[in-house]
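Chemist: To start, I am sharing the structure in question, which I have written as structure tokens.
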Amino acid sequence: MATVRKGLAKRKRKEMILQGVGIGAIGFALTVLFILIASLVSTGYQAFTQTHVEIEVFVDPQEISEENLPRGGFRDVLSDSVGQYFPEVDMSDRGDARVLSSILSNGAQFKLRDMVVEDPSLIGQTISLKVPTSDPYDQLNKGLIDRDTPEEFRRLKDPELQNFDRLADLGLISKPLNTGLLSNADSRFPELAGLKGALVGSFWALLTCFLISFPLGIGAAIYLEEFAPKNKLSDFIEVNINNLAAVPSVVFGLLALAVFIGWFGLPRSAPFVGGLTLALMTMPTIIIATRAALKAVPPSIREAALGVGASKSQVVFQHVLPLAMPGILTGTIIGLAQALGETAPLLLIGMNAFITSAAGSPFDSATALPTQIFIWADSPERGFVSRTSAAILVLLAFLITMNAIAIFLRSKFERKW
Amino acid sequence: MYDAPTPGSKLDQTDIKITAKNVQVYYGDTQAIKDVDVDIEDKTVTAFIGPSGCGKSTFLRCLNRMNDTIDVCRVEGDIFIDGEDIYDRNIDPVQLRAKVGMVFQKPNPFPKSIYDNVAYGPRIHGMVRNKAELDEVVETALRGAALWDEVKDRLDTPGTGLSGGQQQRLCIARAVATKPEVLLMDEPCSALDPIATAQVEDLIESLKEQFSVVIVTHSMQQAARISQKTAFFHLGNLVEYDDTNTIFTNPTDSRTESYITGRIG
């Protein structure tokens, strides 16, 4: 007994150490995750608001005529409108006028133009126009430009600060929710850049990926698991499917570039090609998940169906497949979530192009969420720093949603045998 | 392989439902069944007894070609049902299994409603033309399995929600619904409590009016209670096959005697 008791203490201590290591590992993982999210949120939250300025605009008939609407002098009209708040500035001086109107985003003139084109009766009227400020003033308003920095190192000079403060004092500056982040496509100007093009591109790519990899993957898995003879050839295929799942994604990108774009002549930068490429990667995942789910269906169900005289395919399609479906769907969603975050193959087929409109079809040029993040992270403008983090948060939100759906499906349809 | 006089010889040839001649079964290189010859009578309960691993389940599964689903399994010899070689090239195992129903050791209802469980066989074999006929087939099968009164008000609830004994009777109803001529039962009571076992045994008693019932059992008392004929398997050999009474009271082979008196097995 004494020896047992002596050993007991030692065994308990070992168990404690093992538990401690486990808790430590989980704690470390959680800490890293927390730091990641915290840093993303702390830089990204600024991108969810956008500084706007609201100005009275007199749509001058001398500058803008109904006959030649799209070519009207909208820029001058806007610059005059800003000028009215600065009576001391001589607006005939081109340089001063440019400094003043630089407060407005470059998109302001297009917004005004669209409004007037839609409703030509606005010509000659004075309207109130709320437009984003340009990026430096947005940074200033969000406190990202330090006013205490010596002027020569500062993005905005003293007069520009004063101009902005004048408008702020007049109550014309506001900072509403940045709906443009989701409703605008990409732009050279950070204050106008949004994720719409990327979201639409990712949607088309994932749809293509799903429509191709889901039926093919399930078909292959059913054949391999239920019908294929067990011999050297099927072993060889199995090993290679597992290998395929482990192939680096950039290799698939090169393959897609050579085959889909090079040989088949499919369009560059198209989400359809992106979807095909992602399908190559998702298919092994789906095959493996499907085979595991089919294997997990208890043999008693197969025997029962065979016993009443069901044929092999009736057993598979009427009994085994429905029971395996939750597992298959879970695997598919996880595969698609991986595909959603995949960047390298999309870069290779040109889905990192600069495209300022959302794709109308899977064959139009587009970006995807991860490649949009890649583009923005590469852009020098300060405004893209926070937008990059915001885009990552949007991507993470989609991934978490998809994984949550997978977990939900798994628990809802989980069957106790 | 057995030396006892064959009581079947005094019966008319028409009373023999299943004839097995010189049957050998191999799993890969291992021989599981050696030289089995047996004649199974119609409208009789035939019990297969023997220690674990003696091959009685394997032989049972030859009778409806369930062994076909096991890749490494190989069957040699001839098995005739109604004079037809079931291992003939022209025989489709799917069709055979409609004629030779099977009930398994563990109750294995489909995770579907009670109604769909019973209706599945008739549906896939196209045995009914409309819903009314199907309703009738389901009711008849459930009555035949002595389950109708317990489940008639909840036919659309899942079959997996029934108790173990009810599930097993549901499986019997499912097997009966395709109107088989032979019913194979692989230890149908081993997962059931004594009360459910008694119900299933009563059921088997009534089933033999319509079918030839072949039952594998571990329980010698059960074999003695319900069967008219008993076959004793040992190490892949059919040691002795005779009337149940003879086997239990006056066995010819010493191995049979050792087994039924509890010295081996």
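Note on naming: chains are A, B, ... as they come in the structure tokens, residues start from 1 per chain, ligands start from 1 in the order shown.
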Report as a Markdown table the residues of chain B within 8 Å of chain A, each with its shortest atom pair and distance in Å (one decimal), using only C-alpha atoms, ordered by chain and increasing residue number.
Modeler:
```
| residue | atom | partner | partner_atom | distance |
| --- | --- | --- | --- | --- |
| B:Met66 | CA | A:Gly307 | CA | 7.5 |
| B:Pro93 | CA | A:Gly309 | CA | 7.7 |
| B:Val94 | CA | A:Gly309 | CA | 4.7 |
| B:Gln95 | CA | A:Gly309 | CA | 6.5 |
| B:Leu96 | CA | A:Gly309 | CA | 7.5 |
| B:Arg97 | CA | A:Gly309 | CA | 4.7 |
| B:Ala98 | CA | A:Gly309 | CA | 5.0 |
| B:Gly101 | CA | A:Val308 | CA | 6.1 |
| B:Met102 | CA | A:Gly307 | CA | 5.5 |
| B:Val103 | CA | A:Gly307 | CA | 7.7 |
| B:Phe104 | CA | A:Ala304 | CA | 7.7 |
| B:Lys106 | CA | A:Ser300 | CA | 7.8 |
| B:Asn108 | CA | A:Ser300 | CA | 6.0 |
| B:Pro109 | CA | A:Ala304 | CA | 7.3 |
| B:Phe110 | CA | A:Ile301 | CA | 6.5 |
| B:Gly121 | CA | A:Val308 | CA | 5.7 |
| B:Ile124 | CA | A:Ala310 | CA | 6.9 |
| B:His125 | CA | A:Gly309 | CA | 7.9 |
| B:Arg174 | CA | A:Val308 | CA | 7.5 |
| B:Ala175 | CA | A:Val308 | CA | 6.0 |
| B:Thr178 | CA | A:Val308 | CA | 7.3 |
```
Chemist: Can you pull out the residues contacting Gly53 in chain B? Cut-off 12 Å, using only C-alpha atoms, and skip same-chain residues under 2 positions away; I want them as a ChimeraX atom specification.
Modeler: /B:31-33,49-51,55-59,218,233-237,265
Chemist: Skipping near chain neighbours, those fewer than 6 positions away, what residues fall within 10 Å of Leu244 in chain A using only C-alpha atoms, listed as an NGL selection string?
Modeler: :A and (238 or 252 or 280-285)
Chemist: Taking C-alpha atoms for each residue, export the selection above as a short mmCIF file (atom, residue, chain, number, x, y, z; two decimals), in the first residue's frame.
Modeler:
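This went into out.cif:
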```cif
data_model
loop_
_atom_site.label_atom_id
_atom_site.label_comp_id
_atom_site.auth_asym_id
_atom_site.auth_seq_id
_atom_site.Cartn_x
_atom_site.Cartn_y
_atom_site.Cartn_z
CA GLU A 238 -7.29 8.13 -51.83
CA PHE A 252 -3.62 26.01 -57.66
CA LEU A 280 -10.01 22.89 -56.93
CA MET A 281 -9.02 23.57 -53.35
CA THR A 282 -12.41 23.01 -51.75
CA MET A 283 -13.16 19.74 -53.52
CA PRO A 284 -10.64 17.59 -51.60
CA THR A 285 -11.95 19.05 -48.34
#
```
Chemist: Would you kindly return, as a list in words, each protein, DNA or RNA residue with an atom no farther than 10 Å from any atom of range 178-180 of chain A, considering only C-alpha atoms and excluding same-chain residues fewer than 6 positions away?
Modeler: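 Everything that qualifies: Gln46, Ala47, Phe48, Thr49, Gln50, Thr51, His52, Pro132, Glu191, Leu192, Ala193, Gly194, Leu195 and Lys196 of chain A.
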Chemist: Keeping only N, CA and C atoms, write the selected residues to a file as an mmCIF file, in the first residue's frame.
Modeler:
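Full text of selection-v3.cif as output:
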```
data_model
loop_
_atom_site.group_PDB
_atom_site.id
_atom_site.type_symbol
_atom_site.label_atom_id
_atom_site.label_comp_id
_atom_site.auth_asym_id
_atom_site.auth_seq_id
_atom_site.Cartn_x
_atom_site.Cartn_y
_atom_site.Cartn_z
ATOM 1 N N GLN A 46 -12.232 53.371 -36.757
ATOM 2 C CA GLN A 46 -12.313 54.703 -37.360
ATOM 3 C C GLN A 46 -12.927 54.647 -38.756
ATOM 4 N N ALA A 47 -12.752 53.505 -39.432
ATOM 5 C CA ALA A 47 -13.241 53.419 -40.807
ATOM 6 C C ALA A 47 -14.749 53.225 -40.858
ATOM 7 N N PHE A 48 -15.357 52.937 -39.717
ATOM 8 C CA PHE A 48 -16.802 52.743 -39.738
ATOM 9 C C PHE A 48 -17.564 54.056 -39.636
ATOM 10 N N THR A 49 -16.820 55.167 -39.416
ATOM 11 C CA THR A 49 -17.448 56.488 -39.529
ATOM 12 C C THR A 49 -16.689 57.258 -40.603
ATOM 13 N N GLN A 50 -17.334 58.274 -41.140
ATOM 14 C CA GLN A 50 -16.701 59.065 -42.180
ATOM 15 C C GLN A 50 -17.097 60.526 -41.973
ATOM 16 N N THR A 51 -16.084 61.402 -41.929
ATOM 17 C CA THR A 51 -16.372 62.830 -41.752
ATOM 18 C C THR A 51 -17.061 63.382 -42.998
ATOM 19 N N HIS A 52 -18.158 64.051 -42.771
ATOM 20 C CA HIS A 52 -18.896 64.674 -43.862
ATOM 21 C C HIS A 52 -18.966 66.173 -43.621
ATOM 22 N N PRO A 132 -18.656 63.608 -48.294
ATOM 23 C CA PRO A 132 -17.481 63.278 -47.477
ATOM 24 C C PRO A 132 -16.395 64.339 -47.629
ATOM 25 N N GLU A 191 -11.626 58.071 -48.804
ATOM 26 C CA GLU A 191 -12.932 58.439 -48.239
ATOM 27 C C GLU A 191 -14.078 57.876 -49.076
ATOM 28 N N LEU A 192 -13.788 57.485 -50.338
ATOM 29 C CA LEU A 192 -14.835 56.953 -51.201
ATOM 30 C C LEU A 192 -14.751 55.442 -51.346
ATOM 31 N N ALA A 193 -13.627 54.860 -50.912
ATOM 32 C CA ALA A 193 -13.413 53.438 -51.173
ATOM 33 C C ALA A 193 -14.303 52.589 -50.277
ATOM 34 N N GLY A 194 -14.898 51.580 -50.882
ATOM 35 C CA GLY A 194 -15.760 50.674 -50.127
ATOM 36 C C GLY A 194 -15.543 49.248 -50.574
ATOM 37 N N LEU A 195 -16.289 48.346 -49.952
ATOM 38 C CA LEU A 195 -16.061 46.917 -50.168
ATOM 39 C C LEU A 195 -17.070 46.274 -51.113
ATOM 40 N N LYS A 196 -17.963 47.084 -51.710
ATOM 41 C CA LYS A 196 -19.046 46.468 -52.487
ATOM 42 C C LYS A 196 -18.492 45.563 -53.595
#
```
Chemist: From the set B:Glu133, B:Asp88, B:Glu205, B:Glu240, which residue has the shortest atom-to-atom contact distance to Arg65 in chain B, counting only C-alpha atoms?
Modeler: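 Closest residue, counting only C-alpha atoms: B:Asp88.
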Chemist: I need the residues of range 124-236 of chain B that end up classed as alpha helix (DSSP H) by DSSP on the backbone, written out as number ranges by chain.
Modeler: B: 124, 131-144, 148-151, 164-177, 194-207, 220-226
Chemist: Selected residues, N, CA and C atoms, written as a short mmCIF file (atom, residue, chain, number, x, y, z; two decimals), in the first residue's frame, please.
Modeler:
```cif
data_model
loop_
_atom_site.label_atom_id
_atom_site.label_comp_id
_atom_site.auth_asym_id
_atom_site.auth_seq_id
_atom_site.Cartn_x
_atom_site.Cartn_y
_atom_site.Cartn_z
N ILE B 124 -40.35 0.16 -52.58
CA ILE B 124 -39.25 0.01 -53.53
C ILE B 124 -39.48 -1.16 -54.47
N LYS B 131 -52.17 4.55 -52.39
CA LYS B 131 -52.01 4.79 -50.96
C LYS B 131 -52.88 3.84 -50.14
N ALA B 132 -54.09 3.60 -50.62
CA ALA B 132 -55.01 2.74 -49.85
C ALA B 132 -54.44 1.33 -49.71
N GLU B 133 -53.89 0.84 -50.82
CA GLU B 133 -53.30 -0.50 -50.77
C GLU B 133 -52.11 -0.53 -49.81
N LEU B 134 -51.30 0.55 -49.89
CA LEU B 134 -50.12 0.62 -49.03
C LEU B 134 -50.55 0.64 -47.57
N ASP B 135 -51.59 1.45 -47.28
CA ASP B 135 -52.11 1.51 -45.90
C ASP B 135 -52.47 0.11 -45.42
N GLU B 136 -53.08 -0.65 -46.30
CA GLU B 136 -53.51 -1.98 -45.93
C GLU B 136 -52.31 -2.89 -45.66
N VAL B 137 -51.33 -2.81 -46.57
CA VAL B 137 -50.13 -3.64 -46.40
C VAL B 137 -49.46 -3.31 -45.07
N VAL B 138 -49.36 -2.00 -44.76
CA VAL B 138 -48.70 -1.59 -43.52
C VAL B 138 -49.47 -2.12 -42.32
N GLU B 139 -50.79 -1.99 -42.38
CA GLU B 139 -51.59 -2.46 -41.24
C GLU B 139 -51.44 -3.97 -41.06
N THR B 140 -51.53 -4.69 -42.18
CA THR B 140 -51.41 -6.15 -42.10
C THR B 140 -50.06 -6.55 -41.51
N ALA B 141 -49.00 -5.88 -41.99
CA ALA B 141 -47.66 -6.21 -41.50
C ALA B 141 -47.54 -5.91 -40.02
N LEU B 142 -48.06 -4.74 -39.59
CA LEU B 142 -47.95 -4.39 -38.18
C LEU B 142 -48.80 -5.31 -37.32
N ARG B 143 -49.96 -5.71 -37.82
CA ARG B 143 -50.77 -6.69 -37.08
C ARG B 143 -50.03 -8.01 -37.01
N GLY B 144 -49.42 -8.38 -38.12
CA GLY B 144 -48.67 -9.63 -38.17
C GLY B 144 -47.52 -9.64 -37.17
N TRP B 148 -49.58 -3.55 -34.04
CA TRP B 148 -50.57 -2.60 -34.55
C TRP B 148 -51.26 -1.84 -33.42
N ASP B 149 -51.72 -2.58 -32.40
CA ASP B 149 -52.50 -1.91 -31.37
C ASP B 149 -51.68 -0.89 -30.59
N GLU B 150 -50.38 -1.14 -30.52
CA GLU B 150 -49.54 -0.21 -29.75
C GLU B 150 -49.20 1.05 -30.52
N VAL B 151 -49.17 0.97 -31.85
CA VAL B 151 -48.67 2.12 -32.60
C VAL B 151 -49.68 2.72 -33.57
N GLY B 164 -37.11 -0.90 -27.14
CA GLY B 164 -36.30 -1.90 -27.84
C GLY B 164 -37.13 -3.04 -28.41
N GLY B 165 -38.05 -3.57 -27.58
CA GLY B 165 -38.87 -4.69 -28.04
C GLY B 165 -39.79 -4.27 -29.17
N GLN B 166 -40.36 -3.06 -29.03
CA GLN B 166 -41.23 -2.56 -30.10
C GLN B 166 -40.44 -2.34 -31.39
N GLN B 167 -39.21 -1.82 -31.23
CA GLN B 167 -38.37 -1.60 -32.42
C GLN B 167 -38.13 -2.91 -33.14
N GLN B 168 -37.83 -3.97 -32.35
CA GLN B 168 -37.53 -5.24 -32.99
C GLN B 168 -38.77 -5.78 -33.70
N ARG B 169 -39.95 -5.59 -33.08
CA ARG B 169 -41.17 -6.05 -33.75
C ARG B 169 -41.45 -5.20 -34.98
N LEU B 170 -41.06 -3.91 -34.90
CA LEU B 170 -41.21 -3.06 -36.09
C LEU B 170 -40.32 -3.60 -37.22
N CYS B 171 -39.12 -4.04 -36.86
CA CYS B 171 -38.23 -4.59 -37.88
C CYS B 171 -38.81 -5.87 -38.46
N ILE B 172 -39.47 -6.65 -37.61
CA ILE B 172 -40.11 -7.87 -38.12
C ILE B 172 -41.25 -7.47 -39.07
N ALA B 173 -42.03 -6.46 -38.66
CA ALA B 173 -43.12 -5.99 -39.53
C ALA B 173 -42.56 -5.52 -40.87
N ARG B 174 -41.42 -4.84 -40.80
CA ARG B 174 -40.81 -4.33 -42.03
C ARG B 174 -40.40 -5.49 -42.94
N ALA B 175 -39.86 -6.54 -42.31
CA ALA B 175 -39.45 -7.70 -43.11
C ALA B 175 -40.67 -8.44 -43.67
N VAL B 176 -41.74 -8.49 -42.86
CA VAL B 176 -42.94 -9.23 -43.26
C VAL B 176 -43.70 -8.50 -44.38
N ALA B 177 -43.53 -7.16 -44.41
CA ALA B 177 -44.33 -6.35 -45.33
C ALA B 177 -44.07 -6.67 -46.79
N PRO B 194 -36.44 -9.67 -20.95
CA PRO B 194 -37.22 -10.92 -20.98
C PRO B 194 -38.65 -10.73 -21.46
N ILE B 195 -39.30 -9.62 -21.08
CA ILE B 195 -40.70 -9.45 -21.48
C ILE B 195 -40.78 -9.26 -22.99
N ALA B 196 -39.90 -8.40 -23.54
CA ALA B 196 -39.90 -8.18 -24.99
C ALA B 196 -39.53 -9.47 -25.71
N THR B 197 -38.62 -10.24 -25.11
CA THR B 197 -38.24 -11.51 -25.70
C THR B 197 -39.44 -12.44 -25.81
N ALA B 198 -40.22 -12.49 -24.74
CA ALA B 198 -41.40 -13.35 -24.74
C ALA B 198 -42.36 -12.93 -25.85
N GLN B 199 -42.53 -11.61 -26.01
CA GLN B 199 -43.43 -11.13 -27.06
C GLN B 199 -42.93 -11.55 -28.44
N VAL B 200 -41.61 -11.37 -28.66
CA VAL B 200 -41.06 -11.72 -29.97
C VAL B 200 -41.17 -13.22 -30.20
N GLU B 201 -40.96 -14.01 -29.15
CA GLU B 201 -41.07 -15.47 -29.31
C GLU B 201 -42.49 -15.88 -29.67
N ASP B 202 -43.48 -15.26 -29.00
CA ASP B 202 -44.87 -15.55 -29.36
C ASP B 202 -45.10 -15.24 -30.82
N LEU B 203 -44.50 -14.12 -31.23
CA LEU B 203 -44.66 -13.68 -32.60
C LEU B 203 -44.07 -14.71 -33.58
N ILE B 204 -42.89 -15.21 -33.25
CA ILE B 204 -42.25 -16.19 -34.12
C ILE B 204 -43.13 -17.42 -34.25
N GLU B 205 -43.73 -17.79 -33.12
CA GLU B 205 -44.64 -18.93 -33.09
C GLU B 205 -45.76 -18.76 -34.13
N SER B 206 -46.30 -17.53 -34.19
CA SER B 206 -47.40 -17.32 -35.14
C SER B 206 -46.89 -17.11 -36.57
N LEU B 207 -45.64 -16.62 -36.70
CA LEU B 207 -45.10 -16.37 -38.04
C LEU B 207 -44.89 -17.67 -38.81
N MET B 220 -30.09 -21.62 -25.56
CA MET B 220 -30.58 -22.97 -25.85
C MET B 220 -32.01 -23.13 -25.40
N GLN B 221 -32.36 -22.43 -24.29
CA GLN B 221 -33.76 -22.49 -23.85
C GLN B 221 -34.68 -21.95 -24.93
N GLN B 222 -34.22 -20.86 -25.55
CA GLN B 222 -35.05 -20.26 -26.59
C GLN B 222 -35.23 -21.24 -27.75
N ALA B 223 -34.13 -21.85 -28.18
CA ALA B 223 -34.21 -22.81 -29.27
C ALA B 223 -35.19 -23.92 -28.90
N ALA B 224 -35.10 -24.40 -27.66
CA ALA B 224 -35.97 -25.48 -27.21
C ALA B 224 -37.43 -25.03 -27.19
N ARG B 225 -37.66 -23.77 -26.78
CA ARG B 225 -39.03 -23.26 -26.67
C ARG B 225 -39.70 -23.11 -28.03
N ILE B 226 -38.98 -22.54 -29.01
CA ILE B 226 -39.70 -22.08 -30.20
C ILE B 226 -39.46 -22.91 -31.45
#
```
Chemist: CA of Glu67 in chain A and CA of Arg113 in chain A are how many Å apart?
Modeler: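 Distance reported for this atom pair: 13.5 Å.
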Chemist: So that I can see what lies close to Ile286 in chain A, please list as an NGL selection string the residues with an atom at most 6 Å from it, counting only C-alpha atoms and leaving out residues fewer than 3 positions away in the same chain.
Modeler: :A and (217 or 283 or 289-290 or 331-332)
Chemist: Could you give me, as JSON lines, every range 124-188 of chain B residue with an atom at most 10 Å from range 208-217 of chain B, plus its closest atom pair and distance in Å to one decimal, counting only C-alpha atoms, rows ordered by chain then number?
Modeler:
```
{"residue": "B:Val176", "atom": "CA", "partner": "B:Phe211", "partner_atom": "CA", "distance": 9.4}
{"residue": "B:Lys179", "atom": "CA", "partner": "B:Phe211", "partner_atom": "CA", "distance": 9.2}
{"residue": "B:Pro180", "atom": "CA", "partner": "B:Phe211", "partner_atom": "CA", "distance": 7.4}
{"residue": "B:Glu181", "atom": "CA", "partner": "B:Phe211", "partner_atom": "CA", "distance": 5.2}
{"residue": "B:Val182", "atom": "CA", "partner": "B:Ser212", "partner_atom": "CA", "distance": 4.7}
{"residue": "B:Leu183", "atom": "CA", "partner": "B:Val213", "partner_atom": "CA", "distance": 4.8}
{"residue": "B:Leu184", "atom": "CA", "partner": "B:Val214", "partner_atom": "CA", "distance": 4.9}
{"residue": "B:Met185", "atom": "CA", "partner": "B:Ile215", "partner_atom": "CA", "distance": 4.6}
{"residue": "B:Asp186", "atom": "CA", "partner": "B:Val216", "partner_atom": "CA", "distance": 4.9}
{"residue": "B:Glu187", "atom": "CA", "partner": "B:Thr217", "partner_atom": "CA", "distance": 4.8}
{"residue": "B:Pro188", "atom": "CA", "partner": "B:Thr217", "partner_atom": "CA", "distance": 7.7}
```
Chemist: Filtering to all heavy atoms, could you give me those residues as a PDB file, in the first residue's frame?
Modeler:
```
ATOM      1  N   VAL B 176     -41.742  -8.491 -42.863  1.00  0.00           N
ATOM      2  CA  VAL B 176     -42.937  -9.232 -43.260  1.00  0.00           C
ATOM      3  C   VAL B 176     -43.698  -8.499 -44.376  1.00  0.00           C
ATOM      4  O   VAL B 176     -44.375  -9.111 -45.196  1.00  0.00           O
ATOM      5  CB  VAL B 176     -43.833  -9.440 -42.012  1.00  0.00           C
ATOM      6  CG1 VAL B 176     -45.205  -9.904 -42.396  1.00  0.00           C
ATOM      7  CG2 VAL B 176     -43.171 -10.431 -41.064  1.00  0.00           C
ATOM      8  N   LYS B 179     -43.888  -9.503 -47.963  1.00  0.00           N
ATOM      9  CA  LYS B 179     -44.453 -10.843 -48.174  1.00  0.00           C
ATOM     10  C   LYS B 179     -43.378 -11.858 -48.553  1.00  0.00           C
ATOM     11  O   LYS B 179     -43.417 -12.470 -49.622  1.00  0.00           O
ATOM     12  CB  LYS B 179     -45.535 -10.797 -49.258  1.00  0.00           C
ATOM     13  CG  LYS B 179     -46.688  -9.872 -48.900  1.00  0.00           C
ATOM     14  CD  LYS B 179     -47.890 -10.137 -49.779  1.00  0.00           C
ATOM     15  CE  LYS B 179     -49.113  -9.399 -49.299  1.00  0.00           C
ATOM     16  NZ  LYS B 179     -48.960  -7.928 -49.354  1.00  0.00           N
ATOM     17  N   PRO B 180     -42.395 -12.045 -47.663  1.00  0.00           N
ATOM     18  CA  PRO B 180     -41.340 -13.013 -47.968  1.00  0.00           C
ATOM     19  C   PRO B 180     -41.857 -14.437 -47.769  1.00  0.00           C
ATOM     20  O   PRO B 180     -42.946 -14.631 -47.222  1.00  0.00           O
ATOM     21  CB  PRO B 180     -40.258 -12.685 -46.946  1.00  0.00           C
ATOM     22  CG  PRO B 180     -41.004 -12.146 -45.784  1.00  0.00           C
ATOM     23  CD  PRO B 180     -42.224 -11.463 -46.314  1.00  0.00           C
ATOM     24  N   GLU B 181     -41.077 -15.389 -48.212  1.00  0.00           N
ATOM     25  CA  GLU B 181     -41.443 -16.787 -47.978  1.00  0.00           C
ATOM     26  C   GLU B 181     -40.586 -17.404 -46.890  1.00  0.00           C
ATOM     27  O   GLU B 181     -40.958 -18.408 -46.283  1.00  0.00           O
ATOM     28  CB  GLU B 181     -41.280 -17.579 -49.287  1.00  0.00           C
ATOM     29  CG  GLU B 181     -42.259 -17.099 -50.329  1.00  0.00           C
ATOM     30  CD  GLU B 181     -41.959 -17.658 -51.705  1.00  0.00           C
ATOM     31  OE1 GLU B 181     -41.325 -18.726 -51.780  1.00  0.00           O
ATOM     32  OE2 GLU B 181     -42.354 -17.012 -52.686  1.00  0.00           O
ATOM     33  N   VAL B 182     -39.416 -16.785 -46.697  1.00  0.00           N
ATOM     34  CA  VAL B 182     -38.520 -17.253 -45.648  1.00  0.00           C
ATOM     35  C   VAL B 182     -38.164 -16.047 -44.793  1.00  0.00           C
ATOM     36  O   VAL B 182     -37.983 -14.946 -45.312  1.00  0.00           O
ATOM     37  CB  VAL B 182     -37.229 -17.860 -46.247  1.00  0.00           C
ATOM     38  CG1 VAL B 182     -36.284 -18.308 -45.150  1.00  0.00           C
ATOM     39  CG2 VAL B 182     -37.549 -19.001 -47.178  1.00  0.00           C
ATOM     40  N   LEU B 183     -38.099 -16.241 -43.483  1.00  0.00           N
ATOM     41  CA  LEU B 183     -37.691 -15.141 -42.604  1.00  0.00           C
ATOM     42  C   LEU B 183     -36.455 -15.590 -41.834  1.00  0.00           C
ATOM     43  O   LEU B 183     -36.499 -16.584 -41.103  1.00  0.00           O
ATOM     44  CB  LEU B 183     -38.839 -14.804 -41.650  1.00  0.00           C
ATOM     45  CG  LEU B 183     -38.749 -13.484 -40.910  1.00  0.00           C
ATOM     46  CD1 LEU B 183     -38.629 -12.327 -41.891  1.00  0.00           C
ATOM     47  CD2 LEU B 183     -39.967 -13.287 -40.031  1.00  0.00           C
ATOM     48  N   LEU B 184     -35.358 -14.848 -42.033  1.00  0.00           N
ATOM     49  CA  LEU B 184     -34.124 -15.166 -41.329  1.00  0.00           C
ATOM     50  C   LEU B 184     -34.013 -14.251 -40.125  1.00  0.00           C
ATOM     51  O   LEU B 184     -34.238 -13.047 -40.226  1.00  0.00           O
ATOM     52  CB  LEU B 184     -32.921 -14.961 -42.246  1.00  0.00           C
ATOM     53  CG  LEU B 184     -32.963 -15.648 -43.604  1.00  0.00           C
ATOM     54  CD1 LEU B 184     -31.726 -15.288 -44.407  1.00  0.00           C
ATOM     55  CD2 LEU B 184     -33.069 -17.153 -43.443  1.00  0.00           C
ATOM     56  N   MET B 185     -33.673 -14.802 -38.967  1.00  0.00           N
ATOM     57  CA  MET B 185     -33.547 -13.974 -37.767  1.00  0.00           C
ATOM     58  C   MET B 185     -32.201 -14.260 -37.124  1.00  0.00           C
ATOM     59  O   MET B 185     -31.922 -15.396 -36.740  1.00  0.00           O
ATOM     60  CB  MET B 185     -34.679 -14.294 -36.798  1.00  0.00           C
ATOM     61  CG  MET B 185     -36.052 -14.023 -37.385  1.00  0.00           C
ATOM     62  SD  MET B 185     -37.311 -14.375 -36.180  1.00  0.00           S
ATOM     63  CE  MET B 185     -38.328 -12.950 -36.354  1.00  0.00           C
ATOM     64  N   ASP B 186     -31.408 -13.206 -37.017  1.00  0.00           N
ATOM     65  CA  ASP B 186     -30.056 -13.342 -36.474  1.00  0.00           C
ATOM     66  C   ASP B 186     -30.057 -12.874 -35.025  1.00  0.00           C
ATOM     67  O   ASP B 186     -29.958 -11.681 -34.762  1.00  0.00           O
ATOM     68  CB  ASP B 186     -29.089 -12.519 -37.333  1.00  0.00           C
ATOM     69  CG  ASP B 186     -27.640 -12.825 -36.994  1.00  0.00           C
ATOM     70  OD1 ASP B 186     -27.418 -13.601 -36.054  1.00  0.00           O
ATOM     71  OD2 ASP B 186     -26.756 -12.285 -37.667  1.00  0.00           O
ATOM     72  N   GLU B 187     -30.191 -13.803 -34.101  1.00  0.00           N
ATOM     73  CA  GLU B 187     -30.278 -13.482 -32.672  1.00  0.00           C
ATOM     74  C   GLU B 187     -31.217 -12.312 -32.409  1.00  0.00           C
ATOM     75  O   GLU B 187     -30.807 -11.285 -31.866  1.00  0.00           O
ATOM     76  CB  GLU B 187     -28.884 -13.156 -32.120  1.00  0.00           C
ATOM     77  CG  GLU B 187     -27.932 -14.326 -32.238  1.00  0.00           C
ATOM     78  CD  GLU B 187     -26.573 -13.983 -31.667  1.00  0.00           C
ATOM     79  OE1 GLU B 187     -26.531 -13.321 -30.639  1.00  0.00           O
ATOM     80  OE2 GLU B 187     -25.570 -14.396 -32.275  1.00  0.00           O
ATOM     81  N   PRO B 188     -32.481 -12.430 -32.762  1.00  0.00           N
ATOM     82  CA  PRO B 188     -33.383 -11.278 -32.705  1.00  0.00           C
ATOM     83  C   PRO B 188     -33.681 -10.821 -31.284  1.00  0.00           C
ATOM     84  O   PRO B 188     -34.181  -9.723 -31.093  1.00  0.00           O
ATOM     85  CB  PRO B 188     -34.651 -11.793 -33.383  1.00  0.00           C
ATOM     86  CG  PRO B 188     -34.615 -13.253 -33.191  1.00  0.00           C
ATOM     87  CD  PRO B 188     -33.162 -13.636 -33.225  1.00  0.00           C
TER      88      PRO B 188
END
```
Chemist: Applying 9 Å and only C-alpha atoms, which residues near range 408-411 of chain A remain after dropping the ones on its own chain fewer than 4 positions away? List them as a PyMOL selection string.
Modeler: chain A and resi 326-327+329-330+403-404+415
Chemist: Store the residues picked out above in a file with C-alpha atoms, as a short mmCIF file (atom, residue, chain, number, x, y, z; two decimals), in the first residue's frame.
Modeler:
```cif
data_model
loop_
_atom_site.label_atom_id
_atom_site.label_comp_id
_atom_site.auth_asym_id
_atom_site.auth_seq_id
_atom_site.Cartn_x
_atom_site.Cartn_y
_atom_site.Cartn_z
CA PRO A 326 -25.34 17.21 -41.79
CA GLY A 327 -21.72 16.07 -41.75
CA LEU A 329 -22.86 20.27 -45.11
CA THR A 330 -20.62 21.06 -42.17
CA ASN A 403 -18.55 28.62 -39.04
CA ALA A 404 -21.46 29.37 -36.73
CA ARG A 415 -28.33 11.98 -34.35
#
```
